[in-house]
Amino acid sequence: MDSESLTTLMQTVVNGLAVGAVYAALGMAVAVIYRGTRVVNFAQADIAMVLTFVFWFVMGRGLPWYAALASSLVAAVLVGLLIERLILRKLVGEPLFTVVMATIGLSTILQGLAGILWGHDTYRLPEIFSGSFKVSGVSLLKTHLFSIVVASAMLAVLAVFLSRSRTGLAMRATSSDQDTAQLMGIRINRISALIWIIASLISVGAGLALGYSQFLSLAMGGFILKIFPAIILGGLDSLGGVFIGGLAIGLCVSFAGTYMGGLFGGASSEMVSYLLTFLILMVKPYGLFGARQIERV
Amino acid sequence: MDIVPKRYLEEHQRDRRKMMHFRLQQVGMGVLLLVLLWMPQQANGYVLGLALQAMIAVVGAIGLNFVVGFSGQVSIGQAAYMAIGAYSTAVLMGKFGLPFLVALPLAGVITAGASALVGWPTLRLRGFYLAMATFAVHFVVIMVISRWDFVGAQTGVAVDRPSFASGDVSFYYLTFAIMALLVHMAFNIEHSFVGRAWGAIRDRDLAAAAAGISLARFKLWANVWSGFYVGIAGGLSAAFLSYITPENFPFFLTIQYLGMLLVGGLGTTLGGIFGALFITLVPEAVRFLPALFGAGDAISPTLLADGQMILFGVIIVGTLLYAPKGLFGLWEDIKLYFRTWPFSY
């Protein structure tokens, strides 16, 4: 292999990991909610979009980035609490279809509100970091590095929180057996509120990663549909699995873009992840790391 | 994991009632029919267009209901199947020169075939996983039609209305006739052993299998019937729009149809009809809000779209929270109230 094609290969890998990190970040938010409450949240990308708009709005007022980040995080806590309190808590124990439709309804409400508040234009987030590092011909954009760092950091923090802290233990207990957890004195309502808050906080990171690597617009809400392949591949209820699934799908998309560009009329990079999803569902429906439930027809 | 609430017993009891039990109902249906037939003579283009959209939505919603409401399989491929129906109609008419009334049922059959083709390998999947598989299908179908030059790729393709129904009024009557036929068929399917088998599968598939119902066969039948109805809805919408592009079949269309089922009431044909009418007509009210508050009738298209999005979401969430059985449930409650009056039950 000559050095030029090696550079192309390395570049493809780097780009794929960067894209995959964004998938992984948002996927983790969805997985946290699914693990804890058995809700598949179709509004997660819309939540991320709204929170990123908050960040953009505050920075647009001339405030420094840490003020914007802080207000975005505060907004995340509020949004998470409100959604859990007003909608999802009342639907506890309802069938999956019902709760999914509730999150879809929520998603359209957020889309409409964001459209009225911030318009339908495409914005660029104010630059904090720009440019790129270059290592022997392979360039790594700082925004890409940001995505990778944010996603990995969030996974690490979440893993430590879930495995080391008392609250994390309570959350794991609740997701494994709600009734028993309740009998042990764990307040289920608080846990469920906490889960939504944590997912919203993760969405801030995911939204910023997405916003910095692409654009900020209402279309970010549709991003949820792109991360489902990652979630399916990794297994819906495994955080680490979703992280790896996100990176894998990112690599797939990137490789398809570089090496299969001509196929499917130039749409191969998007097509591949969905074809892969279908295949995974046929062969290994619970993903690589998901809990197996055996169902037969 | 239950997909839709259990009410098989309830449904069984309703089955035993006839479709039109009372003189009042017969008179009511007659009046409704007359109004619907008389309406296009008076209505303007805007009202007529809305009525056409609503009727197409009724057909599509009934079709989706076979899969999601009756047999309890969550499918989010609705927009893709409508696209298949619409493009089949366009191609059969445009490239093969078939008349509309031949192309339309053929498009239904083609869509039914496509639906069965997807339904067969996904029989094992349930709930969220099935939804994801059908979503992958949606994506692939939309990708194919937006890249395939044979069907016009991004530029789309023109569809002629049949020569005898090229105007809006005559097309209204044609659509009305087709819709009436399909609705009648749907009521019959609902009350046949197929419909009851679907209900049994949805409520408890193991018990249904133990009672001798072949799960695979009836789930496939649900896909076939659903595909047929949705394909015809797609063909009708193609003729209604007279020009179709891939943008006419966004994922949001699927969400709208799911919303219709939810608002109307899952698993009943009447519920599907209620929901289709409600979701098509009510968001239009946003258009008249500014005039109502004396702010003039100027409303920008984007603001209108945003307002409709919010209203749609509020309707969905509100239904789930406050009327989980949908409009059909409310309808039953009202009927029960008058039937048992002055007693409370």
# chains A, B, ... in the order shown; residues from 1 in each chain; ligands from 1
>>> interface_residues(of="chain B", to="chain A", cutoff="9 Å", atoms="only C-alpha atoms", output="compact mmCIF listing (two decimals) with N, CA and C atoms, in the first residue's frame")
# COMPACT_ATOMS: atom_id res chain seq x y z
N MET B 1 -44.37 -7.88 26.22
CA MET B 1 -44.52 -6.44 25.99
C MET B 1 -45.77 -6.19 25.15
N ASP B 2 -46.72 -5.54 25.75
CA ASP B 2 -47.97 -5.29 25.03
C ASP B 2 -47.81 -4.10 24.10
N ILE B 3 -48.39 -4.19 22.95
CA ILE B 3 -48.31 -3.09 22.01
C ILE B 3 -49.54 -2.20 22.15
N VAL B 4 -50.70 -2.78 22.19
CA VAL B 4 -51.91 -1.99 22.36
C VAL B 4 -52.71 -2.61 23.50
N PRO B 5 -53.53 -1.78 24.16
CA PRO B 5 -54.28 -2.29 25.31
C PRO B 5 -55.16 -3.48 24.94
N VAL B 74 -46.07 -2.79 15.18
CA VAL B 74 -45.76 -1.38 14.97
C VAL B 74 -44.98 -1.22 13.67
N PRO B 121 -39.74 -11.51 6.27
CA PRO B 121 -38.54 -11.69 7.10
C PRO B 121 -38.64 -11.04 8.48
N THR B 122 -39.56 -10.08 8.65
CA THR B 122 -39.62 -9.38 9.92
C THR B 122 -40.67 -9.96 10.85
N LEU B 123 -41.20 -11.14 10.51
CA LEU B 123 -42.23 -11.75 11.37
C LEU B 123 -41.75 -11.95 12.79
N ARG B 124 -40.46 -12.22 12.92
CA ARG B 124 -39.93 -12.54 14.25
C ARG B 124 -39.80 -11.32 15.14
N LEU B 125 -39.80 -10.15 14.52
CA LEU B 125 -39.52 -8.95 15.30
C LEU B 125 -40.79 -8.38 15.89
N ARG B 126 -40.60 -7.69 17.02
CA ARG B 126 -41.75 -7.09 17.68
C ARG B 126 -41.39 -5.72 18.20
N GLY B 127 -42.43 -4.93 18.47
CA GLY B 127 -42.24 -3.66 19.15
C GLY B 127 -41.25 -2.75 18.46
N PHE B 128 -40.31 -2.24 19.25
CA PHE B 128 -39.36 -1.26 18.75
C PHE B 128 -38.51 -1.81 17.61
N TYR B 129 -38.15 -3.09 17.71
CA TYR B 129 -37.27 -3.67 16.70
C TYR B 129 -37.97 -3.77 15.36
N LEU B 130 -39.25 -4.13 15.38
CA LEU B 130 -40.02 -4.16 14.15
C LEU B 130 -40.13 -2.76 13.56
N MET B 132 -38.05 -0.38 13.86
CA MET B 132 -36.78 0.01 13.25
C MET B 132 -36.59 -0.66 11.90
N ALA B 133 -36.98 -1.92 11.78
CA ALA B 133 -36.83 -2.61 10.50
C ALA B 133 -37.68 -1.92 9.44
N THR B 134 -38.93 -1.55 9.80
CA THR B 134 -39.76 -0.89 8.81
C THR B 134 -39.24 0.51 8.50
N PHE B 135 -38.58 1.11 9.50
CA PHE B 135 -38.01 2.42 9.21
C PHE B 135 -36.86 2.30 8.21
N ALA B 136 -36.07 1.25 8.35
CA ALA B 136 -34.99 1.04 7.39
C ALA B 136 -35.57 0.89 5.98
N VAL B 137 -36.71 0.20 5.91
CA VAL B 137 -37.37 0.06 4.61
C VAL B 137 -37.78 1.42 4.06
N PHE B 139 -36.43 4.26 4.60
CA PHE B 139 -35.28 5.00 4.13
C PHE B 139 -34.80 4.49 2.77
N VAL B 140 -34.75 3.17 2.64
CA VAL B 140 -34.27 2.59 1.39
C VAL B 140 -35.21 2.94 0.23
N MET B 143 -34.85 6.52 -0.73
CA MET B 143 -33.56 6.69 -1.40
C MET B 143 -33.65 6.23 -2.85
N VAL B 144 -34.28 5.07 -3.05
CA VAL B 144 -34.35 4.52 -4.40
C VAL B 144 -35.15 5.45 -5.31
N ARG B 147 -33.33 8.52 -6.45
CA ARG B 147 -32.12 8.38 -7.28
C ARG B 147 -32.39 7.71 -8.62
N TRP B 148 -33.57 7.11 -8.77
CA TRP B 148 -33.83 6.27 -9.93
C TRP B 148 -34.41 7.12 -11.04
N ASP B 205 -50.53 -13.35 21.83
CA ASP B 205 -50.22 -14.18 20.66
C ASP B 205 -50.10 -15.65 21.00
N LEU B 206 -49.60 -15.93 22.22
CA LEU B 206 -49.46 -17.35 22.58
C LEU B 206 -50.82 -18.02 22.64
N LEU B 215 -49.95 -17.67 13.46
CA LEU B 215 -49.50 -16.29 13.64
C LEU B 215 -48.87 -15.74 12.37
N ALA B 216 -47.97 -16.54 11.78
CA ALA B 216 -47.25 -16.06 10.61
C ALA B 216 -48.23 -15.71 9.50
N ILE B 255 -45.64 9.72 10.67
CA ILE B 255 -46.00 10.16 12.01
C ILE B 255 -47.43 10.68 12.03
N LEU B 258 -49.73 7.70 12.07
CA LEU B 258 -49.77 7.08 13.40
C LEU B 258 -50.60 7.94 14.35
N GLY B 259 -50.45 9.26 14.21
CA GLY B 259 -51.23 10.18 15.03
C GLY B 259 -52.73 10.00 14.78
N LEU B 262 -53.93 6.99 16.59
CA LEU B 262 -53.91 7.21 18.03
C LEU B 262 -55.09 8.08 18.46
N THR B 302 -44.39 29.88 7.21
CA THR B 302 -43.57 29.16 8.18
C THR B 302 -44.22 29.17 9.55
N LEU B 303 -44.80 30.31 9.91
CA LEU B 303 -45.47 30.40 11.21
C LEU B 303 -46.65 29.44 11.24
N ALA B 305 -46.92 26.66 9.55
CA ALA B 305 -46.41 25.30 9.66
C ALA B 305 -45.99 25.01 11.10
N ASP B 306 -45.31 25.98 11.73
CA ASP B 306 -44.88 25.78 13.12
C ASP B 306 -46.07 25.62 14.05
N GLY B 307 -47.07 26.49 13.85
CA GLY B 307 -48.27 26.40 14.68
C GLY B 307 -48.95 25.05 14.53
N GLN B 308 -48.99 24.56 13.29
CA GLN B 308 -49.63 23.27 13.05
C GLN B 308 -48.84 22.13 13.69
N MET B 309 -47.51 22.26 13.63
CA MET B 309 -46.67 21.26 14.29
C MET B 309 -46.99 21.19 15.78
N ILE B 310 -47.04 22.37 16.41
CA ILE B 310 -47.29 22.41 17.85
C ILE B 310 -48.67 21.83 18.16
N LEU B 311 -49.66 22.26 17.38
CA LEU B 311 -51.02 21.78 17.63
C LEU B 311 -51.08 20.25 17.48
N PHE B 312 -50.41 19.74 16.43
CA PHE B 312 -50.38 18.30 16.22
C PHE B 312 -49.79 17.58 17.43
N GLY B 313 -48.65 18.08 17.90
CA GLY B 313 -48.02 17.47 19.06
C GLY B 313 -48.90 17.52 20.28
N VAL B 314 -49.53 18.68 20.48
CA VAL B 314 -50.40 18.82 21.66
C VAL B 314 -51.58 17.86 21.56
N ILE B 315 -52.12 17.71 20.36
CA ILE B 315 -53.25 16.78 20.18
C ILE B 315 -52.81 15.36 20.55
N ILE B 316 -51.63 14.95 20.05
CA ILE B 316 -51.15 13.60 20.32
C ILE B 316 -50.97 13.38 21.82
N VAL B 317 -50.20 14.29 22.44
CA VAL B 317 -49.90 14.11 23.86
C VAL B 317 -51.18 14.22 24.68
N GLY B 318 -52.04 15.17 24.31
CA GLY B 318 -53.30 15.33 25.04
C GLY B 318 -54.17 14.09 24.95
N LEU B 320 -53.14 11.03 24.49
CA LEU B 320 -52.54 9.96 25.30
C LEU B 320 -52.83 10.17 26.77
N LEU B 321 -52.79 11.43 27.22
CA LEU B 321 -52.95 11.68 28.64
C LEU B 321 -54.41 11.65 29.07
N PRO B 324 -57.15 8.16 26.35
CA PRO B 324 -56.31 7.12 25.75
C PRO B 324 -57.04 6.19 24.79
>>> select_by_dssp(residues="segment 25-147 of chain B", states="alpha helix (DSSP H)", output="PyMOL selection string")
chain B and resi 25-42+45-65+78-94+100-119+127-147
>>> select_by_dssp(residues="segment 142-342 of chain B", states="strand (DSSP E or B)", output="ChimeraX atom specification")
/B:157-158,243-244
>>> atom_distance(atom1="atom CA of Gly241 of chain A", atom2="atom CA of Leu288 of chain A")
6.9 Å
>>> residues_around(residues="Ala18 of chain A", least_positions_apart="3", cutoff="9 Å", atoms="only C-alpha atoms", output="ChimeraX atom specification")
/A:13-15,21-22,143-148,213,247,250-251
>>> write_last_selection(atoms="C-alpha atoms", output="CSV table (one decimal), in the first residue's frame")
chain,number,residue,atom,x,y,z
A,13,VAL,CA,-10.9,6.2,10.0
A,14,VAL,CA,-10.4,9.5,11.8
A,15,ASN,CA,-13.5,11.1,10.1
A,21,ALA,CA,-18.6,9.9,18.4
A,22,VAL,CA,-21.6,12.2,17.7
A,143,THR,CA,-14.3,20.2,16.1
A,144,HIS,CA,-13.9,16.5,15.4
A,145,LEU,CA,-11.5,16.1,18.3
A,146,PHE,CA,-14.1,17.9,20.4
A,147,SER,CA,-16.8,15.4,19.5
A,148,ILE,CA,-14.5,12.5,20.4
A,213,SER,CA,-19.2,19.4,13.5
A,247,LEU,CA,-18.3,4.5,16.5
A,250,GLY,CA,-19.6,6.2,12.0
A,251,LEU,CA,-16.8,4.2,10.5
>>> closest_residue(among="A:Ala219, A:Asn189, A:Gly36, A:Met154", to="Ala48 of chain A", atoms="only C-alpha atoms")
A:Ala219
>>> residues_around(residues="Ser71 of chain B", least_positions_apart="4", cutoff="7 Å", atoms="only C-alpha atoms", output="PyMOL selection string")
chain B and resi 66-67+198-199+201-202+219+222
>>> residues_around(residues="Arg35 of chain A", least_positions_apart="5", cutoff="9 Å", atoms="only C-alpha atoms", output="list of chain:residue names")
A:Val30, A:Arg172, A:Ser175, A:Ser176, A:Leu236, A:Asp237, A:Ser238, A:Leu239
>>> write_last_selection(atoms="N, CA and C atoms", output="mmCIF file, in the first residue's frame")
data_model
loop_
_atom_site.group_PDB
_atom_site.id
_atom_site.type_symbol
_atom_site.label_atom_id
_atom_site.label_comp_id
_atom_site.auth_asym_id
_atom_site.auth_seq_id
_atom_site.Cartn_x
_atom_site.Cartn_y
_atom_site.Cartn_z
ATOM 1 N N VAL A 30 -30.245 8.294 24.645
ATOM 2 C CA VAL A 30 -31.410 7.444 24.396
ATOM 3 C C VAL A 30 -31.319 6.166 25.230
ATOM 4 N N ARG A 172 -29.395 1.611 38.826
ATOM 5 C CA ARG A 172 -29.246 0.276 38.228
ATOM 6 C C ARG A 172 -30.252 -0.695 38.831
ATOM 7 N N SER A 175 -33.607 -0.139 37.256
ATOM 8 C CA SER A 175 -33.794 -0.626 35.894
ATOM 9 C C SER A 175 -33.823 -2.145 35.859
ATOM 10 N N SER A 176 -33.211 -2.801 36.845
ATOM 11 C CA SER A 176 -33.256 -4.262 36.769
ATOM 12 C C SER A 176 -34.545 -4.810 37.366
ATOM 13 N N LEU A 236 -29.902 -1.911 22.637
ATOM 14 C CA LEU A 236 -30.640 -0.758 23.134
ATOM 15 C C LEU A 236 -30.341 -0.432 24.583
ATOM 16 N N ASP A 237 -30.020 -1.452 25.397
ATOM 17 C CA ASP A 237 -29.936 -1.172 26.822
ATOM 18 C C ASP A 237 -28.524 -1.242 27.367
ATOM 19 N N SER A 238 -27.528 -1.140 26.485
ATOM 20 C CA SER A 238 -26.155 -1.200 26.969
ATOM 21 C C SER A 238 -25.421 0.083 26.593
ATOM 22 N N LEU A 239 -24.975 0.823 27.616
ATOM 23 C CA LEU A 239 -24.324 2.106 27.342
ATOM 24 C C LEU A 239 -23.047 1.938 26.534
#
>>> atom_distance(atom1="atom CA of Gly45 of chain B", atom2="atom CA of Tyr229 of chain B")
26.2 Å
>>> residues_around(residues="Ile186 of chain A", least_positions_apart="6", cutoff="10 Å", atoms="only C-alpha atoms", output="count of residues only")
8
>>> closest_residue(among="B:Ala83, B:Ala239, B:Val224, B:Val68", to="Thr268 of chain B", atoms="only C-alpha atoms")
B:Val68
>>> atom_distance(atom1="atom CA of Ser217 of chain A", atom2="atom CA of Thr122 of chain A")
4.8 Å
>>> closest_residue(among="B:Ser146, B:Pro301, B:Phe328, B:Gly271", to="Val58 of chain B", atoms="only C-alpha atoms")
B:Gly271
>>> closest_residue(among="B:Tyr337, B:Leu98, B:Phe240, B:Ile232", to="Leu181 of chain B", atoms="only C-alpha atoms")
B:Ile232
